[in-house]
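Structure record follows, encoded as structure tokens.
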Amino acid sequence: MQIFPLHPFRPEGDTPALRQQVRDLVVQHEANWPVELRANCWFSFDEEFSKALGKAGLLGMTWPKQYGGHERTLLERYVVLEELLALGAPAGLHWIADRQTGPLLLRYGTESQREKYLPGMARGEIYACIGLSEPGSGSDLASVRTSAKKTNEGWRINGQKVWTSGAHKSHAALTLLRTEEGSERQAGLSQMMIDLDTPGITIRPIIDMTGTHHFNEIWFEDVLLPHDALVGTEGNGWKQVVAELALERSGPERYLSSHMLLVALIDAVGPEPDAPTAQLIGRLTAEMWTLRQMSMSTIAKLAAGEDPVVEAAIVKDLGNAYEQALPRMVQAAVDADLAGKSDLSRLLSWLLLSSPSFSLRGGTPEVLRGIIAKGLGLR
Amino acid sequence: MSDNRTLLTDMAAGLFADLAGKPFDVAWPQVAEAGFSTLLVPEDAGGFGGDWADVLAVLRLAGLNALAAPLAEPVIAHWLLAGAGIAAPEGLISIAAPGQRVPYGRHATAVVHVEGGMLSLYHADACTFDEALSPAGEPWDAVSFTGAAAAWAACDVDLLALGAFARVASASGALEAAFTLAIDHVNTRVQFGRALAKFQAVQQAMAEFSEEAAAVDASAAACAAALDYGHASFEIAAAKLRMGIAVDRAVPIAHRMHGAIGFTIEYALNHLTRRLMGWRSEFGGDAFWAERLGRRVAGLGGHGLWREMSARTDRIVG
């Protein structure tokens with residue numbers, strides 16, 4: 001069995017022109033971006049830039065025009081994503097809404113939910129986060145306990161979510177809740193779109209080891225949601241979440257999070273590096289080039305209607321390993337002043353500290369390898 | 001993609017499976033008889049008229065079956081000679097890339113050498129071989145050209161890179177075969193009361209193995225597409241290096257999964273892993289390609305790397 005037959009990546013339209021459109025936008029905004037903002041850039045925020053992308057028609061690209069989308073293809077969207085990441089453009093504010101919340105509402109949401117959220121998301125003005133993990137259930141999502149009780153007035157929500165990235169910057173959270181009292185594991189779960197300004201919701205920061213506020217805890221105390229907060233079918237939440245996670249795993253953000261450090265390294269050593277540094281640049285390039293081929297192939301399969309679960313897990317696991325190793329390899333090879341002011345020093349310090357997070361978002365290596373092993377018939 | 005791909009791969013799959021485990025003197029005459037050597041020679045010049053994706057498909061099958069005969073070498077040699085308008089001699093023609101040993105040199109009737117923009121064809125009587133064996137036990141002979149070339153022509157082909165591509169292509173097959181052996185072994189071998197495959201530690205290692213095989217599969221296919229486009233120097237450098245990394249990571253897992261049985265001469269695994277270890281060094285090792293690629297990228301500048309990589313795939317599509 002051939003494990004990874006390469007699927008051709010053939011986007012419609014003028015791809016170089018699309019790349020240029022993104023590059024021009026980045027040039028117009030990059031003066032405001034400190035280098036730390038450009039590393040791991042799909043986790044850093046620039047509201048003005050998100051809105052500019054929306055205005056340029058580069059958000060909600062694949063969505064129907066009636067909801068503010070642009071009816072372009074998955075592959076055209078992929079080209080825009082990889083450009084944003086390779087150029088280190090802070091794209092974190094709209095990332096979740098554009099990548100998964102919007103598509104999930106299109107697939108499972110009601111007409112009024114689509115009309116309420118999608119046009120603003122496509123303009124880069126409405127941001128979303130994902131309410132999955134809870135205290136005591138990190139990777140084991142089926143153990144969530146936050147409950148939604150159906151009453152005459154609506155749904156009553158009680159419980160707590162944790163590790164919610166960007167909740168403090170988001171307008172709404174697509175949240176996994178236990179809607180059937182006494183249900184266990186994957187059964188009895190549902191998804192709801194929760195406006196974060198609803199009374200009874202408290203968002204508290206969790207400061208990460210880089211000193212950044214990215215994670216949050218969300219507390220729900222007798223929060224009353226309208227009946228139509230339910231997304232999709234009651235009790236179908238697990239299946240919907242699994243489909244959502246597949247959207248999460250196949251993107252170029254799984255190998256490019258440290259790319260700006262490679263850019264800085266190349267610029268710092270100049271056109272004629274010594275042999276060991278040239279070899280390091282060559283090695284990182286070879287891994288990145290291979291991951292790009294694999295990532296493009298996976299999205300092309302997805303666009304062709306296939307379900308490349310194993311391929312997506314392979315790309316994410318290899319990609320995370322690469323983007324995590326990159327800072328360590330650069331540190332081992334160059335005589336770096338981690339308190340220095342150069343781009344190389346600042347990016348290296350920043351990525352050494354932030355890269356441990358790369359493999360815990362969207363499935364740890366152990367979870368991914370479990371998925372791969374299952375796909376290979378070993379479990 | 002050549003129209004005859006399925007026909008070609010069906011034939012290669014059948015023949016190479018029959019020849020698995022057979023020595024050179026049995027395998028080569030049948031490979032030659034089947035006409036694979038002219039795979040890349042245009043149909044109007046009497047060849048098969050295939051493309052590099054066909055070459056990948058066939059070399060992959062050769063690697064999968066640990067074929068003990070030259071294949072990439074005559075394919076590349078016949079293509080170069082046809083391109084130069086030089087008639088190919090009868091028999092096995094191998095290749096001499098700069099600074100490299102000649103695979104199966106002692107059995108060749110002629111050798112094609114490309115260096116400094118010049119292709120030269122040497123008959124065997126103009127070659128002196130210092131005979132040696134690869135880690136897989138295949139002839140790996142250092143050549144000195146002690147006689148005159150029989151023919152020559154200007155040629156801007158990077159023969160070292162083509163050899164490197166060939167080894168990536170074969171490695172993609174050999175990795176799949178080693179992986180399949182390991183899967184079969186862990187699914188059937190019972191230890192501590194259950195099949196090895198039921199242990200999480202084994203599952204995780206096998207998943208890692210599959211990732212490395214996947215990386216070589218993908219990079220080999222991307223190289224073939226770039227070769228068919230006409231420019232593949234960047235891609236081959238990256239792919240050959242990535243293949244070296246994959247061998248480094250996957251071969252130890254293959255042996256670890258098999259325990260002592262995988263270390264025996266009778267068991268099939270060694271025919272695959274010995275080749276993989278040899279191919280990692282052949283036609284430029286990790287350090288060579290890393291430095292060559294790294295110098296090229298350094299010349300492009302930090303953001304130039306992305307501009308170059310994206311332009312190289314956009315033009316293949318366009």
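The chains in the structure tokens are called A, B, ... from first to last as shown; in each chain the residues are counted from 1, and the ligands are counted from 1 in the order shown.
Contact shell of region 137-139 of chain B at 8 Å (only C-alpha atoms; same-chain neighbours under 4 positions omitted): Ala68, Pro103, Tyr104, Gly105, Arg106, Glu131, Ala132 and Leu133 of chain B.
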For the selection just defined, write its residues with N, CA and C atoms to a file, as a PDB file, in the first residue's frame.
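Printed below is out.pdb as written:
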```
ATOM      1  N   ALA B  68      17.930  -6.855  -8.103  1.00  0.00           N
ATOM      2  CA  ALA B  68      19.401  -6.921  -8.096  1.00  0.00           C
ATOM      3  C   ALA B  68      19.949  -6.727  -9.505  1.00  0.00           C
ATOM      4  N   PRO B 103      27.718   2.167 -10.919  1.00  0.00           N
ATOM      5  CA  PRO B 103      26.947   0.988 -10.534  1.00  0.00           C
ATOM      6  C   PRO B 103      27.036  -0.088 -11.639  1.00  0.00           C
ATOM      7  N   TYR B 104      27.351  -1.310 -11.241  1.00  0.00           N
ATOM      8  CA  TYR B 104      27.465  -2.443 -12.167  1.00  0.00           C
ATOM      9  C   TYR B 104      28.472  -2.183 -13.283  1.00  0.00           C
ATOM     10  N   GLY B 105      29.479  -1.343 -12.996  1.00  0.00           N
ATOM     11  CA  GLY B 105      30.455  -0.969 -14.019  1.00  0.00           C
ATOM     12  C   GLY B 105      31.096  -2.178 -14.695  1.00  0.00           C
ATOM     13  N   ARG B 106      31.469  -3.182 -13.925  1.00  0.00           N
ATOM     14  CA  ARG B 106      32.184  -4.348 -14.476  1.00  0.00           C
ATOM     15  C   ARG B 106      31.343  -5.109 -15.487  1.00  0.00           C
ATOM     16  N   GLU B 131      37.176  -2.646  -8.713  1.00  0.00           N
ATOM     17  CA  GLU B 131      35.914  -3.281  -8.337  1.00  0.00           C
ATOM     18  C   GLU B 131      35.688  -3.274  -6.831  1.00  0.00           C
ATOM     19  N   ALA B 132      34.454  -3.013  -6.453  1.00  0.00           N
ATOM     20  CA  ALA B 132      34.068  -3.022  -5.039  1.00  0.00           C
ATOM     21  C   ALA B 132      32.570  -3.311  -4.966  1.00  0.00           C
ATOM     22  N   LEU B 133      32.080  -3.483  -3.757  1.00  0.00           N
ATOM     23  CA  LEU B 133      30.662  -3.795  -3.574  1.00  0.00           C
ATOM     24  C   LEU B 133      29.978  -2.755  -2.693  1.00  0.00           C
TER      25      LEU B 133
END
```
Give me, as a tab-separated table, each residue of chain B that comes within 6 Å of chain A, together with its shortest interatomic pair and the distance in Å at one decimal, counting only C-alpha atoms, with rows ordered by chain and rising residue number.
```
residue	atom	partner	partner_atom	distance
B:Ala197	CA	A:Leu378	CA	5.6
B:Gln203	CA	A:Ala373	CA	5.6
B:Gln204	CA	A:Arg369	CA	5.5
B:Ala207	CA	A:Arg369	CA	5.4
B:Glu211	CA	A:Ile314	CA	5.8
B:Ala214	CA	A:Phe4	CA	4.8
B:Asp217	CA	A:Phe4	CA	6.0
B:Ala218	CA	A:Leu6	CA	5.3
B:Ser219	CA	A:Thr290	CA	5.7
B:Ala238	CA	A:Ala286	CA	4.1
B:Arg242	CA	A:Ala286	CA	6.0
B:Ala290	CA	A:Gly282	CA	4.3
B:Glu291	CA	A:Gln279	CA	4.3
B:Leu293	CA	A:Gly282	CA	4.8
B:Gly294	CA	A:Gly282	CA	3.7
B:Arg295	CA	A:Ala278	CA	5.5
B:Ala298	CA	A:Pro271	CA	4.7
B:Gly299	CA	A:Pro271	CA	4.5
B:Gly301	CA	A:Asp267	CA	5.8
B:Gly302	CA	A:Val263	CA	3.9
B:Val317	CA	A:Arg10	CA	5.8
```
Those residues with N, CA and C atoms, as a PDB file, in the first residue's frame please?
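Saved file out-v1.pdb follows:
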```
ATOM      1  N   ALA B 197       1.499  -5.551  17.506  1.00  0.00           N
ATOM      2  CA  ALA B 197       0.744  -4.389  17.028  1.00  0.00           C
ATOM      3  C   ALA B 197      -0.216  -3.844  18.068  1.00  0.00           C
ATOM      4  N   GLN B 203       2.729   0.775  18.031  1.00  0.00           N
ATOM      5  CA  GLN B 203       1.883   1.575  17.130  1.00  0.00           C
ATOM      6  C   GLN B 203       2.507   2.943  16.854  1.00  0.00           C
ATOM      7  N   GLN B 204       3.029   3.567  17.890  1.00  0.00           N
ATOM      8  CA  GLN B 204       3.608   4.898  17.724  1.00  0.00           C
ATOM      9  C   GLN B 204       4.857   4.840  16.835  1.00  0.00           C
ATOM     10  N   ALA B 207       3.774   4.347  13.281  1.00  0.00           N
ATOM     11  CA  ALA B 207       3.251   5.597  12.724  1.00  0.00           C
ATOM     12  C   ALA B 207       4.403   6.492  12.273  1.00  0.00           C
ATOM     13  N   GLU B 211       5.354   7.858   8.432  1.00  0.00           N
ATOM     14  CA  GLU B 211       5.551   9.273   8.103  1.00  0.00           C
ATOM     15  C   GLU B 211       6.801   9.461   7.241  1.00  0.00           C
ATOM     16  N   ALA B 214       6.130   8.184   3.825  1.00  0.00           N
ATOM     17  CA  ALA B 214       5.256   9.157   3.167  1.00  0.00           C
ATOM     18  C   ALA B 214       6.061  10.342   2.639  1.00  0.00           C
ATOM     19  N   ASP B 217       7.879   9.281  -0.497  1.00  0.00           N
ATOM     20  CA  ASP B 217       6.891   9.137  -1.568  1.00  0.00           C
ATOM     21  C   ASP B 217       6.541  10.477  -2.193  1.00  0.00           C
ATOM     22  N   ALA B 218       6.206  11.423  -1.309  1.00  0.00           N
ATOM     23  CA  ALA B 218       5.756  12.732  -1.780  1.00  0.00           C
ATOM     24  C   ALA B 218       6.884  13.476  -2.477  1.00  0.00           C
ATOM     25  N   SER B 219       8.088  13.414  -1.916  1.00  0.00           N
ATOM     26  CA  SER B 219       9.170  14.199  -2.516  1.00  0.00           C
ATOM     27  C   SER B 219       9.625  13.580  -3.841  1.00  0.00           C
ATOM     28  N   ALA B 238      16.590  18.872  -2.492  1.00  0.00           N
ATOM     29  CA  ALA B 238      15.763  18.757  -1.285  1.00  0.00           C
ATOM     30  C   ALA B 238      15.328  17.307  -1.068  1.00  0.00           C
ATOM     31  N   ARG B 242      16.124  14.813   1.996  1.00  0.00           N
ATOM     32  CA  ARG B 242      15.000  14.318   2.803  1.00  0.00           C
ATOM     33  C   ARG B 242      14.996  12.792   2.836  1.00  0.00           C
ATOM     34  N   ALA B 290      22.882  19.059   1.335  1.00  0.00           N
ATOM     35  CA  ALA B 290      22.506  20.128   2.274  1.00  0.00           C
ATOM     36  C   ALA B 290      23.307  21.390   1.970  1.00  0.00           C
ATOM     37  N   GLU B 291      24.605  21.218   1.727  1.00  0.00           N
ATOM     38  CA  GLU B 291      25.419  22.402   1.471  1.00  0.00           C
ATOM     39  C   GLU B 291      25.068  23.037   0.125  1.00  0.00           C
ATOM     40  N   LEU B 293      22.208  22.882  -1.503  1.00  0.00           N
ATOM     41  CA  LEU B 293      20.900  23.540  -1.402  1.00  0.00           C
ATOM     42  C   LEU B 293      20.987  24.790  -0.527  1.00  0.00           C
ATOM     43  N   GLY B 294      21.720  24.666   0.589  1.00  0.00           N
ATOM     44  CA  GLY B 294      21.834  25.795   1.514  1.00  0.00           C
ATOM     45  C   GLY B 294      22.502  26.997   0.863  1.00  0.00           C
ATOM     46  N   ARG B 295      23.537  26.757   0.058  1.00  0.00           N
ATOM     47  CA  ARG B 295      24.216  27.875  -0.622  1.00  0.00           C
ATOM     48  C   ARG B 295      23.280  28.537  -1.627  1.00  0.00           C
ATOM     49  N   ALA B 298      20.799  30.564   0.411  1.00  0.00           N
ATOM     50  CA  ALA B 298      21.436  31.761   0.974  1.00  0.00           C
ATOM     51  C   ALA B 298      21.529  32.847  -0.093  1.00  0.00           C
ATOM     52  N   GLY B 299      21.774  32.438  -1.314  1.00  0.00           N
ATOM     53  CA  GLY B 299      21.856  33.395  -2.415  1.00  0.00           C
ATOM     54  C   GLY B 299      20.518  34.030  -2.759  1.00  0.00           C
ATOM     55  N   GLY B 301      18.264  34.878  -0.444  1.00  0.00           N
ATOM     56  CA  GLY B 301      17.825  35.768   0.634  1.00  0.00           C
ATOM     57  C   GLY B 301      16.643  35.167   1.382  1.00  0.00           C
ATOM     58  N   GLY B 302      16.382  35.721   2.591  1.00  0.00           N
ATOM     59  CA  GLY B 302      15.371  35.154   3.482  1.00  0.00           C
ATOM     60  C   GLY B 302      14.021  34.969   2.820  1.00  0.00           C
ATOM     61  N   VAL B 317       2.071  24.141 -12.585  1.00  0.00           N
ATOM     62  CA  VAL B 317       0.621  24.148 -12.776  1.00  0.00           C
ATOM     63  C   VAL B 317       0.247  24.959 -14.014  1.00  0.00           C
TER      64      VAL B 317
END
```
**OP:** Just the residues within 8 Å of Ser120 (chain B), please, counting only C-alpha atoms, with nothing from its chain fewer than 6 positions along; format it as an MDAnalysis selection string.
**Re:** chainID B and resid 112:114 149:153
Subject >> Interatomic distance, CA of Gln100 (chain A) to CA of Glu248 (chain A) (Å, one decimal) >> reply: 7.0 Å
**OP:** State, in Å with one decimal place, the distance from CA of Thr313 (chain B) to CA of Asn40 (chain A).
**Re:**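 Interatomic distance, CA of Thr313 (chain B) to CA of Asn40 (chain A): 24.1 Å.
Take CA of Val58 (chain B) and CA of Ala166 (chain B): the distance between them is 10.2 Å.
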Original post:
Could you pull the residues within 9 Å of Gly91 (chain B), counting only C-alpha atoms, minus those fewer than 3 positions along the same chain, as an MDAnalysis selection string?
Top reply: chainID B and resid 32 88 108:110
Expected file contents, prior selection, C-alpha atoms, as a compact mmCIF listing (two decimals), in the first residue's frame:
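Contents of the output file result-v6.txt:
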```txt
# COMPACT_ATOMS: atom_id res chain seq x y z
CA ALA B 32 17.08 -5.89 -20.67
CA ALA B 88 23.53 3.49 -28.10
CA ALA B 108 28.68 -2.70 -18.60
CA THR B 109 29.55 -2.71 -22.29
CA ALA B 110 29.73 1.08 -22.17
```
Original post:
What lies within 6 Å of Val231 (chain A) using only C-alpha atoms, ignoring chain neighbours under 2 positions off, as an MDAnalysis selection string?
Top reply: chainID A and resid 109 191:192
Original post:
Mind checking DSSP for region 37-234 of chain B and telling me the alpha helix (DSSP H) residues as a ChimeraX atom specification?
Top reply: /B:52-64,72-84,159-188,200-229,233-234
Original post:
Near region 127-133 of chain A, within 8 Å and counting only C-alpha atoms, which residues show up once chain neighbours fewer than 3 positions away are dropped, as number ranges by chain?
Top reply: A: 93-94, 96-97, 101, 121, 124, 137-139, 141, 144, 161-167, 169-176
Can you write out the residues you just picked, keeping C-alpha atoms, as a short mmCIF file (atom, residue, chain, number, x, y, z; two decimals), in the first residue's frame?
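Here's the written file selection.cif:
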```cif
data_model
loop_
_atom_site.label_atom_id
_atom_site.label_comp_id
_atom_site.auth_asym_id
_atom_site.auth_seq_id
_atom_site.Cartn_x
_atom_site.Cartn_y
_atom_site.Cartn_z
CA LEU A 93 -7.80 37.30 15.05
CA HIS A 94 -9.82 35.93 12.15
CA ILE A 96 -10.48 30.34 13.65
CA ALA A 97 -13.60 31.96 12.20
CA THR A 101 -16.29 28.22 12.59
CA MET A 121 -16.51 37.04 9.64
CA GLY A 124 -12.70 40.42 9.25
CA SER A 137 -10.43 16.82 29.86
CA GLY A 138 -7.57 18.01 27.72
CA SER A 139 -7.00 15.65 24.81
CA LEU A 141 -12.65 15.55 24.60
CA VAL A 144 -16.57 17.12 28.66
CA LYS A 161 -14.07 25.65 29.45
CA VAL A 162 -10.31 26.06 29.55
CA TRP A 163 -7.33 26.66 27.19
CA THR A 164 -9.66 28.67 24.97
CA SER A 165 -7.33 30.53 22.62
CA GLY A 166 -8.31 34.09 21.86
CA ALA A 167 -11.62 34.06 23.79
CA LYS A 169 -10.65 38.85 21.55
CA SER A 170 -13.60 36.88 20.18
CA HIS A 171 -17.24 37.72 19.75
CA ALA A 172 -18.53 34.17 19.90
CA ALA A 173 -17.46 30.68 20.96
CA LEU A 174 -18.56 27.53 19.18
CA THR A 175 -18.87 25.34 22.23
CA LEU A 176 -19.25 21.60 22.83
#
```
Original post:
Quick one: residues within 7 Å of Arg254 (chain A), only C-alpha atoms counted, chain neighbours fewer than 5 positions away excluded, as a count of residues only?
Top reply: 3
